[in-house]
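Student: Starting off with a structure, shown below.
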Amino acid sequence: MEEKNVVQPIVFSSFSQGKSIIVIKGLIFISLFHLIIYALAHIPILQLQPDPKFCKENEVNCSRPDLFAKQITSGIMQIIMGTIGFLSWHWTKQAHNNIPATPNGRLFGYLKEAEYLNLTITVFQLWDFLFSLGIPEHASPVFLGHHLLAAITSWFSLEYQLVHHYAIFFGGCSEISSIFLALCDFDVYFPANRGSIWSTIVFSCQVSFALAFIYYRVVGWLWVSFLLWKDVIYAVVKTQTATQLRPGKSWFLLVFLVASVVLGSLQLYWFGFGIVPKVMEILNDK
């Protein structure tokens with residue numbers, strides 16, 4: 001049976017609906033929150049001792065409030081994105097049930113949760129890009145490129161009402177592993193005393209991160225990317241319904257495909273050359 005081409009609601013311009021103002025307000029809010037945490041990190045009772053390798057040579061009373069505030073702010077944003085993804089994909093299953101279970105539904109269907117998620121991703125990734133420029137540990141070309149790519153794809157997914165179903169997984173569920181990573185990174189910058197309760201929590205987060213990374217960013221990413229490719233080939237090449245439902249916007253589907261491959265390849269690289277060696281190191285230490 002040939003699939004119907006009608007997917008409700010029809011596309012609209014998210015930014016003409018005031019979403020650009022929300023993005024700007026979001027950037028202001030997250031920046032203010034970050035600055036508050038940065039200021040609190042200067043209070044002696046709240047200061048944590050960073051690993052000496054993140055301090056300048058012979059620096060006295062090194063505290064690195066920039067790293068402290070960056071990790072706290074990023075962790076909270078990742079919890080928000082991961083929660084939206086988990087609830088919509090696994091719990092309420094609205095990412096599956098609120099759109100037609102067809103290629104057109106998954107590519108062009110509207111999901112309110114995806115709109116909220118794309119707004120959050122756009123705000124967070126733009127903020128992360130700007131603030132990472134001033135932190136040497138976060139200013140690598142790979143990280144900065146990742147922030148820009150994620151911000152651009154979420155922006156156009158929001159603007160063109162495209163790939164909402166896939167945005168829930170790639171932008172939401174994948175961040176579940178990042179929640180645990182934020183705590184692991186915090187321990188890298190501000191090491192816990194080995195044998196302490198906090199050290200035990202960090203170890204559990206390291207294990208949880210590795211498992212979540214494999215599930216969402218390796219196995220899940222490959223499977224969902226395969227489904228994405230099938231849907232795009234169907235809508236762009238086989239039936240050309242993309243030109244009917246989103247005239248002049250089919251190019252974004254190709255950009256989204258490329259982004260999924262680039263980010264997926266980076267994740268496989270991090271898994272093979274970063275996560276696996278680190279897991280072996282932790283197990284050997286234990």
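Each chain of the structure tokens is named A, B, ... in the order shown, its residues numbered from 1; ligands are numbered from 1 in display order.
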Taking only C-alpha atoms into account, produce a table as a Markdown table in which each residue of stretch 141-172 of chain A with an atom at most 10 Å from an atom of stretch 243-254 of chain A appears once, together with its shortest atom pair and the distance in Å to one decimal, ordered by chain and rising number.

Tutor:
```
| residue | atom | partner | partner_atom | distance |
| --- | --- | --- | --- | --- |
| A:Thr153 | CA | A:Phe252 | CA | 8.2 |
| A:Phe156 | CA | A:Phe252 | CA | 7.5 |
| A:Ser157 | CA | A:Phe252 | CA | 8.2 |
| A:Tyr160 | CA | A:Lys249 | CA | 7.4 |
| A:Gln161 | CA | A:Arg246 | CA | 8.9 |
| A:Leu162 | CA | A:Leu253 | CA | 7.9 |
| A:Val163 | CA | A:Leu253 | CA | 7.9 |
```

Student: Take the selection from the previous step and output its residues with N, CA, C and O atoms, as a PDB file, in the first residue's frame.

Tutor:
```
ATOM      1  N   THR A 153      22.330  21.674  13.204  1.00  0.00           N
ATOM      2  CA  THR A 153      21.330  20.659  12.865  1.00  0.00           C
ATOM      3  C   THR A 153      20.063  20.814  13.711  1.00  0.00           C
ATOM      4  O   THR A 153      18.951  20.663  13.197  1.00  0.00           O
ATOM      5  N   PHE A 156      18.000  23.894  12.330  1.00  0.00           N
ATOM      6  CA  PHE A 156      17.222  23.667  11.118  1.00  0.00           C
ATOM      7  C   PHE A 156      16.150  22.608  11.309  1.00  0.00           C
ATOM      8  O   PHE A 156      15.117  22.651  10.638  1.00  0.00           O
ATOM      9  N   SER A 157      16.385  21.644  12.190  1.00  0.00           N
ATOM     10  CA  SER A 157      15.319  20.693  12.519  1.00  0.00           C
ATOM     11  C   SER A 157      14.143  21.429  13.133  1.00  0.00           C
ATOM     12  O   SER A 157      12.976  21.128  12.857  1.00  0.00           O
ATOM     13  N   TYR A 160      12.634  23.959  10.152  1.00  0.00           N
ATOM     14  CA  TYR A 160      11.969  23.321   9.022  1.00  0.00           C
ATOM     15  C   TYR A 160      10.987  22.225   9.432  1.00  0.00           C
ATOM     16  O   TYR A 160      10.350  21.629   8.582  1.00  0.00           O
ATOM     17  N   GLN A 161      10.896  21.946  10.722  1.00  0.00           N
ATOM     18  CA  GLN A 161      10.074  20.831  11.230  1.00  0.00           C
ATOM     19  C   GLN A 161      10.435  19.545  10.497  1.00  0.00           C
ATOM     20  O   GLN A 161       9.618  18.921   9.821  1.00  0.00           O
ATOM     21  N   LEU A 162      11.677  19.143  10.662  1.00  0.00           N
ATOM     22  CA  LEU A 162      12.193  17.944  10.022  1.00  0.00           C
ATOM     23  C   LEU A 162      12.861  17.037  11.055  1.00  0.00           C
ATOM     24  O   LEU A 162      13.412  17.517  12.051  1.00  0.00           O
ATOM     25  N   VAL A 163      12.815  15.747  10.815  1.00  0.00           N
ATOM     26  CA  VAL A 163      13.471  14.684  11.587  1.00  0.00           C
ATOM     27  C   VAL A 163      13.221  14.800  13.090  1.00  0.00           C
ATOM     28  O   VAL A 163      14.111  14.523  13.893  1.00  0.00           O
TER      29      VAL A 163
END
```

Student: Within 10 Å of A:Phe186, counting only C-alpha atoms, which residues show up once you throw out same-chain ones fewer than 5 positions away? Write them as a ChimeraX atom specification, please.

Tutor: /A:50,67-68,70-72,75,180-181,191-192,202

Student: Using only C-alpha atoms, which residues sit within 8 Å of stretch 119-132 of chain A once same-chain residues fewer than 5 positions away are excluded, as a list in words?

Tutor: Lys19, Ile22, Val23, Ile24, Gly26, Leu27, Ile30, Ser31, Ser74, Met77, Met81, His138, Ala139, Leu144, His147, Leu148, Ala150, Ala151, Ile152, Ser154, Trp155, Leu158 and Gly171 of chain A

Student: What gap, in Å, lies between atom CA of A:Gln47 and atom CA of A:Gly82?

Tutor: 28.2 Å

Student: Have a look at A:Leu117, A:Val262, A:Leu268, A:Ala210 and name the one nearest to A:His146; count only C-alpha atoms.

Tutor: A:Val262

Student: Among stretch 118-194 of chain A, which residues carry a DSSP assignment of alpha helix (DSSP H), reported as a PyMOL selection string?

Tutor: chain A and resi 118-132+141-160+164-167+175-189

Student: Within 12 Å of A:Phe86, counting only C-alpha atoms, which residues qualify if same-chain residues fewer than 4 places away don't, as a ChimeraX atom specification?

Tutor: /A:78-82,90-95,113-114,117,168-177,212,216

Student: Just to be explicit: take each residue in the selection above, keep N, CA, C and O atoms, and write the result as an mmCIF file, in the first residue's frame.

Tutor:
```
data_model
loop_
_atom_site.group_PDB
_atom_site.id
_atom_site.type_symbol
_atom_site.label_atom_id
_atom_site.label_comp_id
_atom_site.auth_asym_id
_atom_site.auth_seq_id
_atom_site.Cartn_x
_atom_site.Cartn_y
_atom_site.Cartn_z
ATOM 1 N N GLN A 78 22.681 18.685 30.233
ATOM 2 C CA GLN A 78 22.657 17.322 29.710
ATOM 3 C C GLN A 78 21.600 16.471 30.408
ATOM 4 O O GLN A 78 20.985 15.591 29.780
ATOM 5 N N ILE A 79 21.374 16.727 31.691
ATOM 6 C CA ILE A 79 20.292 16.038 32.397
ATOM 7 C C ILE A 79 18.946 16.390 31.765
ATOM 8 O O ILE A 79 18.091 15.516 31.558
ATOM 9 N N ILE A 80 18.746 17.666 31.439
ATOM 10 C CA ILE A 80 17.491 18.102 30.822
ATOM 11 C C ILE A 80 17.292 17.422 29.469
ATOM 12 O O ILE A 80 16.227 16.854 29.181
ATOM 13 N N MET A 81 18.328 17.452 28.617
ATOM 14 C CA MET A 81 18.208 16.860 27.284
ATOM 15 C C MET A 81 18.042 15.349 27.354
ATOM 16 O O MET A 81 17.218 14.766 26.641
ATOM 17 N N GLY A 82 18.819 14.710 28.217
ATOM 18 C CA GLY A 82 18.713 13.264 28.358
ATOM 19 C C GLY A 82 17.359 12.828 28.887
ATOM 20 O O GLY A 82 16.810 11.811 28.466
ATOM 21 N N HIS A 90 11.487 6.172 25.429
ATOM 22 C CA HIS A 90 11.309 4.920 26.160
ATOM 23 C C HIS A 90 10.063 4.882 27.044
ATOM 24 O O HIS A 90 9.400 3.842 27.123
ATOM 25 N N TRP A 91 9.771 5.982 27.737
ATOM 26 C CA TRP A 91 8.741 5.951 28.785
ATOM 27 C C TRP A 91 7.343 6.175 28.217
ATOM 28 O O TRP A 91 6.498 5.295 28.235
ATOM 29 N N THR A 92 7.102 7.393 27.714
ATOM 30 C CA THR A 92 5.779 7.683 27.143
ATOM 31 C C THR A 92 5.671 7.172 25.712
ATOM 32 O O THR A 92 4.560 7.009 25.200
ATOM 33 N N LYS A 93 6.820 6.963 25.062
ATOM 34 C CA LYS A 93 6.903 6.503 23.661
ATOM 35 C C LYS A 93 6.210 7.458 22.692
ATOM 36 O O LYS A 93 5.777 7.056 21.608
ATOM 37 N N GLN A 94 6.112 8.737 23.085
ATOM 38 C CA GLN A 94 5.487 9.716 22.198
ATOM 39 C C GLN A 94 6.289 9.927 20.919
ATOM 40 O O GLN A 94 5.730 10.312 19.896
ATOM 41 N N ALA A 95 7.586 9.677 20.981
ATOM 42 C CA ALA A 95 8.406 9.802 19.774
ATOM 43 C C ALA A 95 8.010 8.767 18.732
ATOM 44 O O ALA A 95 8.301 8.930 17.541
ATOM 45 N N GLU A 113 7.712 17.471 21.935
ATOM 46 C CA GLU A 113 8.902 17.180 22.734
ATOM 47 C C GLU A 113 10.181 17.478 21.943
ATOM 48 O O GLU A 113 11.169 17.962 22.508
ATOM 49 N N ALA A 114 10.156 17.209 20.640
ATOM 50 C CA ALA A 114 11.331 17.468 19.807
ATOM 51 C C ALA A 114 11.559 18.966 19.656
ATOM 52 O O ALA A 114 12.703 19.422 19.576
ATOM 53 N N LEU A 117 13.180 19.998 22.785
ATOM 54 C CA LEU A 117 14.538 19.468 22.804
ATOM 55 C C LEU A 117 15.449 20.247 21.866
ATOM 56 O O LEU A 117 16.582 20.594 22.225
ATOM 57 N N ILE A 168 14.870 13.205 18.686
ATOM 58 C CA ILE A 168 14.674 12.709 20.046
ATOM 59 C C ILE A 168 15.785 11.731 20.425
ATOM 60 O O ILE A 168 16.313 11.772 21.549
ATOM 61 N N PHE A 169 16.147 10.855 19.494
ATOM 62 C CA PHE A 169 17.198 9.880 19.803
ATOM 63 C C PHE A 169 18.583 10.525 19.759
ATOM 64 O O PHE A 169 19.349 10.440 20.731
ATOM 65 N N PHE A 170 18.922 11.146 18.627
ATOM 66 C CA PHE A 170 20.282 11.664 18.454
ATOM 67 C C PHE A 170 20.592 12.812 19.423
ATOM 68 O O PHE A 170 21.720 12.923 19.901
ATOM 69 N N GLY A 171 19.606 13.655 19.682
ATOM 70 C CA GLY A 171 19.852 14.818 20.538
ATOM 71 C C GLY A 171 19.446 14.631 21.977
ATOM 72 O O GLY A 171 19.881 15.392 22.848
ATOM 73 N N GLY A 172 18.609 13.615 22.237
ATOM 74 C CA GLY A 172 18.113 13.402 23.592
ATOM 75 C C GLY A 172 18.673 12.152 24.232
ATOM 76 O O GLY A 172 19.418 12.212 25.217
ATOM 77 N N CYS A 173 18.348 10.989 23.668
ATOM 78 C CA CYS A 173 18.788 9.721 24.262
ATOM 79 C C CYS A 173 20.314 9.617 24.331
ATOM 80 O O CYS A 173 20.859 9.068 25.296
ATOM 81 N N SER A 174 20.993 10.124 23.305
ATOM 82 C CA SER A 174 22.452 10.024 23.299
ATOM 83 C C SER A 174 23.078 10.812 24.448
ATOM 84 O O SER A 174 24.203 10.516 24.875
ATOM 85 N N GLU A 175 22.352 11.830 24.948
ATOM 86 C CA GLU A 175 22.886 12.633 26.045
ATOM 87 C C GLU A 175 22.806 11.914 27.389
ATOM 88 O O GLU A 175 23.356 12.389 28.387
ATOM 89 N N ILE A 176 22.114 10.775 27.440
ATOM 90 C CA ILE A 176 22.051 10.020 28.692
ATOM 91 C C ILE A 176 23.451 9.596 29.117
ATOM 92 O O ILE A 176 23.811 9.677 30.301
ATOM 93 N N SER A 177 24.263 9.168 28.169
ATOM 94 C CA SER A 177 25.643 8.802 28.511
ATOM 95 C C SER A 177 26.440 10.027 28.952
ATOM 96 O O SER A 177 27.337 9.916 29.802
ATOM 97 N N ALA A 212 26.102 3.032 28.875
ATOM 98 C CA ALA A 212 25.179 3.909 28.152
ATOM 99 C C ALA A 212 25.767 4.318 26.807
ATOM 100 O O ALA A 212 25.044 4.428 25.807
ATOM 101 N N TYR A 216 23.689 3.558 23.476
ATOM 102 C CA TYR A 216 23.101 4.652 22.700
ATOM 103 C C TYR A 216 24.002 5.165 21.575
ATOM 104 O O TYR A 216 23.520 5.449 20.476
#
```

Student: Name the closest residue to A:Tyr234 among the candidates A:Arg106, A:Arg64, A:Lys56, A:His42; distances are taken between atoms, counting only C-alpha atoms.

Tutor: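 Checking each of A:Arg106, A:Arg64, A:Lys56, A:His42 against A:Tyr234, counting only C-alpha atoms, the winner is A:Arg106.
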
Student: Near A:Ile37, within 6 Å and counting only C-alpha atoms, which residues show up once chain neighbours fewer than 3 positions away are dropped, as number ranges by chain?

Tutor: A: 34, 40, 69

Student: Tell me which of A:Leu48, A:Ile179, A:Leu227, A:Ile197 sits closest to A:Phe213, counting only C-alpha atoms.

Tutor: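 Result for the nearest residue to A:Phe213: A:Ile179.
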
Student: Identify which of the residues A:Pro52, A:Asp66, A:His96, A:Leu149 lies closest to A:Gly134, counting only C-alpha atoms when measuring atom-to-atom distances.

Tutor: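 Once distances to A:Gly134 are computed over only C-alpha atoms, the minimum belongs to A:Asp66.
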
Student: Given the choices A:Leu263, A:Pro65, A:Thr73, A:Thr239, which gets closest to A:Gly145 if the distance is worked out from only C-alpha atoms?

Tutor: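 Comparing A:Leu263, A:Pro65, A:Thr73, A:Thr239 against A:Gly145, the winner is A:Leu263.
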
Student: Go through A:Arg194, A:Cys205, A:Leu211, A:Val237 one by one, measure the shortest atom-to-atom distance of each to A:Ala182 using only C-alpha atoms, and give the residue with the smallest value.

Tutor: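 Smallest separation from A:Ala182 among the options: A:Cys205.
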